[in-house]
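Visitor: Questions regarding the structure given below will be posed in turn.
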Amino acid sequence: MKKINVLLFAYMSFCVHLLMGQTSFDLNQQIPIDPSVKIGKLSNGLTYYLRSNEKPANKAELRLIVNVGSVVEDEDQLGLAHFVEHMAFNGTTNFEKNDLIDYLQNMGIEFGADLNAHTGFDETVYKLSIPTDNQEVFNTSLQILRDWADGITFSDEEIDNERGIVAEEKRARSGAGMRMYYQSIPILANNSRYAERSPIGTLDVIMNSEYDAMKRYYRDWYRPDLMALVLVGDFNVDEVEEQIQKIFKSLKSTNRKKRERIYYGIPENKEPAVAIITDPEATSVNASIYYKKEKKEKKTLQEYKTQVLQRLYTGMLRQRLSEVELSTDAPFLSSAAGIGSFLADKDCYFLRVNLKENNVIAGIEALLIESERARRHGFAASELERYKAVLLNNANTLRKETGKLSSRYYLEQYTDHFTDKRPIPGDEFNYNFYASVLPDITIEEVNQIGKKWIGEQNIAMVLNAPDKESVVLPNEEQLIKALKNTSTKEIAPYEDKLANVALMANKPEPGTIVETSYNHVVDATKWRFANGVTVIVKPTELQNDLISMSGFRPGGSSVAPDDLYVSARNASGIIGASGVNGISSIDLKKLNMGKTVRVTPYINYYDDLFRGSSSYADLERMLQLTHLYFTSPNKDQGVFESRKSKMIAITKNTDDNPNTKFEHRISEVMSQNHLRAVSLKEEQIEEGLKLDQVYEFYKERFSSANGFTFIFIGNFEVETLKAFVTQYLGSLPSNTEEMSTWKDIGLRRPEGIIKETVIKGIDDRSKVDMRFTGKLNYSLEERSKMTFLAKLLRIKLNEEMREKMSGVYGVQVSGFATDRPYHWYRMNVRFTCAPENIDALKSKVLEEIDKIKQNGPTVVDLEKIKKAELTNLRDRKKYNGYWESILKNAYVYDTNPEDALNAEQKIEDLSSEDLKNAANAYFDDRNYAEFILLPEIKK
């Protein structure tokens, strides 16, 4: 007999039925289209999707979608679909080479973040994020989309200039992961056209193709019947529709004779297609198994219901797999399962697993057994009711947040509707449909899903692993045997066990508020409790039903002695995943199914932390969980062993990978090989990570709540929240005689000039890391100046190193400052390049830094930075996280949170002299470290 909590099962069933609306649906009807999106088509065949959405305010997301990608390339065009995308930024009918980027940057639009594009096998998408409170900019942005559609100029000179940049993108993306991916495509795509048409293409075509090969691709495929516009944002739909009709109605195909857009498929395979792919730079063993079926367009509500059945099936399977991962001596490290789009004309049921090096075949077999257990025996009614609640709650959350979701949330949906015909009924319909069909879905219906998807044909399996003797891998024959034999094995049904427990049977007595203050300017209330806990709350309407919680105080792993450091460093990750109050993490997850609640304790270097979020309905549960993570944490051997195994697996082959070896060496040098700043080795984890130490350190950190501050932001009633925090936070045990503080662990950055070269890697690729470090008088203002300085330098380096020298795909520039354990900063420049170009590119970096130190930014560049930051600030203010950060900084640094209301003026006041002075202060040649990664072939 299955041991389940009968009362909980009955209650959840009742709740699911109670929440269901009375709306009924004729499942033979067509799936509707969300009425909030306006879809139209011009006489030339161009499709458009328009939706008004006010988050973020005064901003819109624009996309031009071309329903072709690399798969339609001719033999002399391999990589040119992607190259065309690059050329869109190098001259159009209305914008010469860099005029387009300059114009948009002058409007506060950042290249990369707001202006970008991507190319896939079957689509090319151009992306533009723009302000809508400037009509001229909005109109010009529509003209840019039009230029991309038929006005890219393709000058021979610019094509040649861009070849190096595209080649550098290919170089930047190279590595073990990409090599193994390319090798897997012929197996996954069954040697179809997709195996020969990777979007990045071949270096020979990139560097040597005829000019007309690219122009021919553009003429053949960039035409209105293969295009769509997707515009979502803070605008009037009718007005924008009128503009689109005016600007795009004259768009025509540039080729008189249209080439047929062939939609290539993937041939079926009767026997399993298996590949074992190894690489000397791979760091982990992973397997992926795909059961492929022909993709069918979902048109009716009956087909939409089938999608719900699939989500129920795979959601419950993932829950079971997560239990296996946490079992003692788990056969694999992590896993995933699902049903979704595969490639071309195929969907798939997939299984993925991260394996232990010494247990490869057994881990794969264990994954297949769990899949077969579900297929053969199905799921329990109790599992189904819980997951029904999950789906309904997720749908309800999205429905309630309508109007508060970012415009980008909708873009992918409408793009997929155009390219892949995926349904877009909208969140309101989705919730009502779930509410109607879920109560009547039977376990028998759900259990049929596995039988429909898991068969003996159209199977593809890829095993990726490090190329090293110590990793014992099965051969292809053994993998095929594992696939075929699983169905004949004796497999017991799953037993759904859920102890008959309540999260918190006995609620604590409320604490006492000893001080209250209110800031009416920022509408924030602060309560100080007798136990030393402080709570700051700010109600907002930035989300309709979501509340965020952040807790913090000084301390962290810094207070642990060195001999306990390995355990202290991982204490919160292990204990935080072990459940509370005697309830295992598995059962805790089951108890919380159908609820919107999350609480996670953290211990970092210098802080004890809590992060949490919930709906308003689950606010009390979030606080109960928080209370229990303080007072009743669990000690779980299975969770400990699982985490320890994963940590060891991650460390095993890291020095075989050039990227990780490079990063490790930088950490070692810049921390002076400090124990607490470098990556842990396998032997350190094996010997130093001990469950008793982990548990005791966690308890020591959270046994007293004195000194903790919690910030709550969201849509709540202050008095309701006050009652809950008084009961669950004000009652936390506390030693008010002892204040928690962090300890200076002696971590210091080296001084002077450092130059190191790491030789590792088989790709013809180098990495350069240039950093300036030193001491400063730390303040939030100085930290902000460093951010502006990094933005300025990034603009200049992209102009010089990418656009003029064609030496890099991109340049990363960042500024960082902190006041712990001492006041120090770092300015960092990083890029990937050809080994032979290192010296010239390094010199250009130093040259541009020197220009800023001597002259500061030009008026034009300063305005670009200001406008970009003003745009970002305006967007950030629409999210709860912004106000959480403002209130936390005000509390920690004893500043006035009202200053946040003047943030725009502070940006406006930034001068060229400010950044010139910052450059001279923070690009200090006397404290300079340079790290270069060279491939072994250049040794």
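Chain labels A, B, ... are given in the sequence in which chains occur in the structure tokens; within each chain residues are numbered consecutively from 1, and ligands are likewise numbered from 1 in the order shown.
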Which polymer residues have any atom within 7 Å of an atom of region 116-127 of chain A, counting only C-alpha atoms, with same-chain residues fewer than 5 positions away left out, as an NGL selection string?

Guide: :A and (62-71 or 82 or 85 or 111 or 198-199)

Visitor: Report as a PyMOL selection string: the residues of region 396-472 of chain A with a DSSP assignment of alpha helix (DSSP H), based on the backbone of this structure.

Guide: chain A and resi 396-400+408-420+427-437+443-453

Visitor: Taking the DSSP secondary structure from the backbone, can you list the residues of region 129-378 of chain A that are strand (DSSP E), as a PyMOL selection string?

Guide: chain A and resi 129-131+227-233+273-279+285-294+334-343+346-355

Visitor: Take the residues from that selection and put them in a file with N, CA and C atoms, as a tab-separated table (two decimals), in the first residue's frame.

Guide:
chain	number	residue	atom	x	y	z
A	129	SER	N	16.09	47.64	-28.97
A	129	SER	CA	15.35	48.16	-27.82
A	129	SER	C	15.45	49.68	-27.86
A	130	ILE	N	14.31	50.35	-27.89
A	130	ILE	CA	14.34	51.80	-28.13
A	130	ILE	C	13.41	52.54	-27.18
A	131	PRO	N	13.68	53.84	-26.94
A	131	PRO	CA	12.74	54.67	-26.18
A	131	PRO	C	11.54	55.02	-27.04
A	227	MET	N	9.16	37.41	-43.93
A	227	MET	CA	9.52	38.32	-42.84
A	227	MET	C	8.34	38.61	-41.93
A	228	ALA	N	8.69	38.95	-40.70
A	228	ALA	CA	7.69	39.43	-39.75
A	228	ALA	C	8.32	40.52	-38.89
A	229	LEU	N	7.51	41.46	-38.49
A	229	LEU	CA	7.88	42.46	-37.49
A	229	LEU	C	7.18	42.12	-36.20
A	230	VAL	N	7.93	42.14	-35.10
A	230	VAL	CA	7.34	41.95	-33.77
A	230	VAL	C	7.69	43.18	-32.95
A	231	LEU	N	6.68	43.94	-32.55
A	231	LEU	CA	6.87	45.16	-31.77
A	231	LEU	C	6.03	45.07	-30.51
A	232	VAL	N	6.70	45.14	-29.36
A	232	VAL	CA	6.01	45.09	-28.07
A	232	VAL	C	6.56	46.22	-27.22
A	233	GLY	N	5.66	47.03	-26.66
A	233	GLY	CA	6.15	48.10	-25.80
A	233	GLY	C	5.13	49.15	-25.48
A	273	ALA	N	20.71	5.68	-33.33
A	273	ALA	CA	21.95	6.33	-33.80
A	273	ALA	C	22.72	6.79	-32.58
A	274	VAL	N	23.94	6.31	-32.43
A	274	VAL	CA	24.70	6.54	-31.20
A	274	VAL	C	26.08	7.11	-31.55
A	275	ALA	N	26.51	8.08	-30.78
A	275	ALA	CA	27.85	8.63	-30.95
A	275	ALA	C	28.52	8.81	-29.60
A	276	ILE	N	29.77	8.41	-29.51
A	276	ILE	CA	30.59	8.66	-28.32
A	276	ILE	C	31.66	9.67	-28.73
A	277	ILE	N	31.59	10.85	-28.17
A	277	ILE	CA	32.45	11.95	-28.59
A	277	ILE	C	33.32	12.37	-27.41
A	278	THR	N	34.61	12.30	-27.59
A	278	THR	CA	35.54	12.70	-26.53
A	278	THR	C	36.38	13.88	-26.98
A	279	ASP	N	36.86	14.62	-26.01
A	279	ASP	CA	37.68	15.78	-26.31
A	279	ASP	C	38.68	15.96	-25.17
A	285	VAL	N	31.31	14.30	-18.04
A	285	VAL	CA	30.70	13.24	-18.84
A	285	VAL	C	29.20	13.47	-18.86
A	286	ASN	N	28.66	13.62	-20.06
A	286	ASN	CA	27.23	13.89	-20.20
A	286	ASN	C	26.64	13.02	-21.30
A	287	ALA	N	25.41	12.62	-21.11
A	287	ALA	CA	24.71	11.86	-22.14
A	287	ALA	C	23.36	12.51	-22.42
A	288	SER	N	22.95	12.48	-23.69
A	288	SER	CA	21.65	12.98	-24.11
A	288	SER	C	20.98	11.92	-24.97
A	289	ILE	N	19.72	11.67	-24.71
A	289	ILE	CA	18.95	10.66	-25.45
A	289	ILE	C	17.69	11.33	-25.98
A	290	TYR	N	17.44	11.16	-27.27
A	290	TYR	CA	16.30	11.81	-27.92
A	290	TYR	C	15.43	10.76	-28.60
A	291	TYR	N	14.14	10.78	-28.31
A	291	TYR	CA	13.15	9.97	-29.00
A	291	TYR	C	12.36	10.93	-29.89
A	292	LYS	N	12.59	10.85	-31.19
A	292	LYS	CA	12.07	11.87	-32.11
A	292	LYS	C	10.75	11.45	-32.74
A	293	LYS	N	9.89	12.43	-32.94
A	293	LYS	CA	8.61	12.22	-33.63
A	293	LYS	C	8.37	13.39	-34.57
A	294	GLU	N	7.60	13.15	-35.59
A	294	GLU	CA	7.28	14.22	-36.52
A	294	GLU	C	6.52	15.35	-35.82
A	334	SER	N	23.28	14.73	-12.00
A	334	SER	CA	22.09	15.53	-12.26
A	334	SER	C	21.44	15.03	-13.53
A	335	SER	N	20.18	15.43	-13.76
A	335	SER	CA	19.46	14.92	-14.92
A	335	SER	C	18.35	15.89	-15.31
A	336	ALA	N	17.80	15.65	-16.48
A	336	ALA	CA	16.70	16.47	-16.98
A	336	ALA	C	15.87	15.62	-17.92
A	337	ALA	N	14.61	16.00	-18.09
A	337	ALA	CA	13.72	15.30	-19.02
A	337	ALA	C	12.65	16.27	-19.49
A	338	GLY	N	12.13	16.02	-20.68
A	338	GLY	CA	11.09	16.90	-21.18
A	338	GLY	C	10.61	16.46	-22.55
A	339	ILE	N	9.60	17.15	-23.04
A	339	ILE	CA	9.09	16.98	-24.39
A	339	ILE	C	9.04	18.36	-25.02
A	340	GLY	N	9.63	18.50	-26.21
A	340	GLY	CA	9.64	19.81	-26.84
A	340	GLY	C	10.15	19.76	-28.25
A	341	SER	N	10.41	20.94	-28.80
A	341	SER	CA	10.90	21.05	-30.16
A	341	SER	C	12.33	20.52	-30.24
A	342	PHE	N	12.62	19.80	-31.30
A	342	PHE	CA	13.96	19.24	-31.49
A	342	PHE	C	14.71	20.04	-32.56
A	343	LEU	N	14.43	19.80	-33.79
A	343	LEU	CA	15.07	20.51	-34.90
A	343	LEU	C	14.27	20.19	-36.15
A	346	LYS	N	11.00	17.85	-36.48
A	346	LYS	CA	10.90	16.88	-35.41
A	346	LYS	C	10.73	17.55	-34.04
A	347	ASP	N	9.87	16.94	-33.22
A	347	ASP	CA	9.82	17.19	-31.79
A	347	ASP	C	10.49	16.00	-31.11
A	348	CYS	N	10.67	16.08	-29.80
A	348	CYS	CA	11.33	14.96	-29.15
A	348	CYS	C	10.95	14.85	-27.68
A	349	TYR	N	11.06	13.62	-27.21
A	349	TYR	CA	11.09	13.31	-25.77
A	349	TYR	C	12.57	13.13	-25.45
A	350	PHE	N	13.09	13.89	-24.48
A	350	PHE	CA	14.53	13.83	-24.25
A	350	PHE	C	14.85	13.50	-22.80
A	351	LEU	N	16.01	12.88	-22.63
A	351	LEU	CA	16.60	12.59	-21.33
A	351	LEU	C	18.04	13.08	-21.37
A	352	ARG	N	18.46	13.78	-20.34
A	352	ARG	CA	19.85	14.23	-20.26
A	352	ARG	C	20.39	13.92	-18.88
A	353	VAL	N	21.68	13.61	-18.83
A	353	VAL	CA	22.25	13.21	-17.55
A	353	VAL	C	23.71	13.62	-17.47
A	354	ASN	N	24.10	14.11	-16.30
A	354	ASN	CA	25.50	14.41	-15.99
A	354	ASN	C	26.01	13.25	-15.15
A	355	LEU	N	27.05	12.58	-15.64
A	355	LEU	CA	27.43	11.28	-15.10
A	355	LEU	C	28.71	11.34	-14.27

Visitor: Would you pick out the contacts of Thr871 (chain A) at 10 Å or less, using only C-alpha atoms, so that residues sharing its chain but fewer than 5 positions from it are not included, and give the list as number ranges by chain?

Guide: A: 58-59, 107-110, 130-131, 865-866, 876, 904

Visitor: So which one's closest to Ala435 (chain A), A:Phe418, A:Phe25, A:Trp824, A:Tyr602? Using only C-alpha atoms, please.

Guide: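 Comparing A:Phe418, A:Phe25, A:Trp824, A:Tyr602 against Ala435 (chain A), the winner is A:Phe25.
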
Visitor: What's the 6 Å shell around region 931-934 of chain A, counting only C-alpha atoms, without same-chain residues fewer than 3 positions away, as a list in words?

Guide: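 Near neighbours after the sequence-gap exclusion: Lys755, Glu756, Thr757, Val758, Ile759, Ser766, Lys767, Val768 and Asp769 of chain A.
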
Visitor: Can you spit out the residues from that selection as a tab-separated table (two decimals), in the first residue's frame, using N, CA and C atoms?

Guide:
chain	number	residue	atom	x	y	z
A	755	LYS	N	53.17	40.01	-15.06
A	755	LYS	CA	52.88	39.52	-16.40
A	755	LYS	C	53.06	38.01	-16.41
A	756	GLU	N	52.01	37.31	-16.78
A	756	GLU	CA	52.05	35.85	-16.79
A	756	GLU	C	51.46	35.33	-18.09
A	757	THR	N	52.01	34.23	-18.57
A	757	THR	CA	51.49	33.56	-19.75
A	757	THR	C	51.14	32.13	-19.38
A	758	VAL	N	49.93	31.72	-19.74
A	758	VAL	CA	49.47	30.34	-19.53
A	758	VAL	C	49.40	29.69	-20.90
A	759	ILE	N	50.05	28.55	-21.05
A	759	ILE	CA	50.06	27.85	-22.34
A	759	ILE	C	49.19	26.61	-22.22
A	766	SER	N	43.71	32.88	-28.42
A	766	SER	CA	44.33	33.42	-27.23
A	766	SER	C	43.31	34.25	-26.46
A	767	LYS	N	43.58	34.39	-25.18
A	767	LYS	CA	42.80	35.29	-24.33
A	767	LYS	C	43.75	36.25	-23.66
A	768	VAL	N	43.29	37.47	-23.51
A	768	VAL	CA	44.09	38.49	-22.84
A	768	VAL	C	43.26	39.09	-21.72
A	769	ASP	N	43.85	39.17	-20.54
A	769	ASP	CA	43.22	39.78	-19.38
A	769	ASP	C	44.16	40.85	-18.83

Visitor: If you count only C-alpha atoms, which residues fall within 12 Å of Phe788 (chain A), apart from same-chain ones fewer than 3 positions away, as a count of residues only?

Guide: 36

Visitor: Give the answer as one residue: which of A:Val308, A:Met739, A:Ala60, A:Ala389 has the shortest atom-to-atom distance to Phe235 (chain A), using only C-alpha atoms?

Guide: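 Selected residue with least distance to Phe235 (chain A): A:Ala60.
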
Visitor: For the interface of region 573-657 of chain A with region 710-718 of chain A (cut-off 10 Å, counting only C-alpha atoms), please tabulate each contacting residue of region 573-657 of chain A alongside its nearest pair of atoms and their separation in Å to one decimal, rows sorted by chain and increasing number, as a tab-separated table.

Guide:
residue	atom	partner	partner_atom	distance
A:Leu609	CA	A:Phe710	CA	9.4
A:Phe610	CA	A:Phe710	CA	8.3
A:Arg611	CA	A:Phe710	CA	9.4
A:Gly612	CA	A:Phe712	CA	9.3
A:Ser613	CA	A:Phe712	CA	9.2
A:Ser614	CA	A:Gly714	CA	9.5
A:Ser615	CA	A:Asn715	CA	8.8
A:Tyr616	CA	A:Phe716	CA	6.5
A:Ala617	CA	A:Phe716	CA	9.8
A:Leu619	CA	A:Phe716	CA	9.0

Visitor: Here is a test: counting only C-alpha atoms, which residue of A:Val521, A:Ala395, A:Ala492, A:Val205 is nearest to Arg373 (chain A)?

Guide: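 The answer is A:Ala492, which sits nearest to Arg373 (chain A).
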
Visitor: Which one is closest to Leu333 (chain A): A:Glu357, A:Glu96, A:Glu196, A:Glu372? Count only C-alpha atoms.

Guide: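 Closest residue, counting only C-alpha atoms: A:Glu357.
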
Visitor: Given only C-alpha atoms as the basis, pick out the residue of A:Val72, A:Gly555, A:Asp114, A:Gly177 nearest to Arg259 (chain A).

Guide: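 The answer is A:Val72, which sits nearest to Arg259 (chain A).
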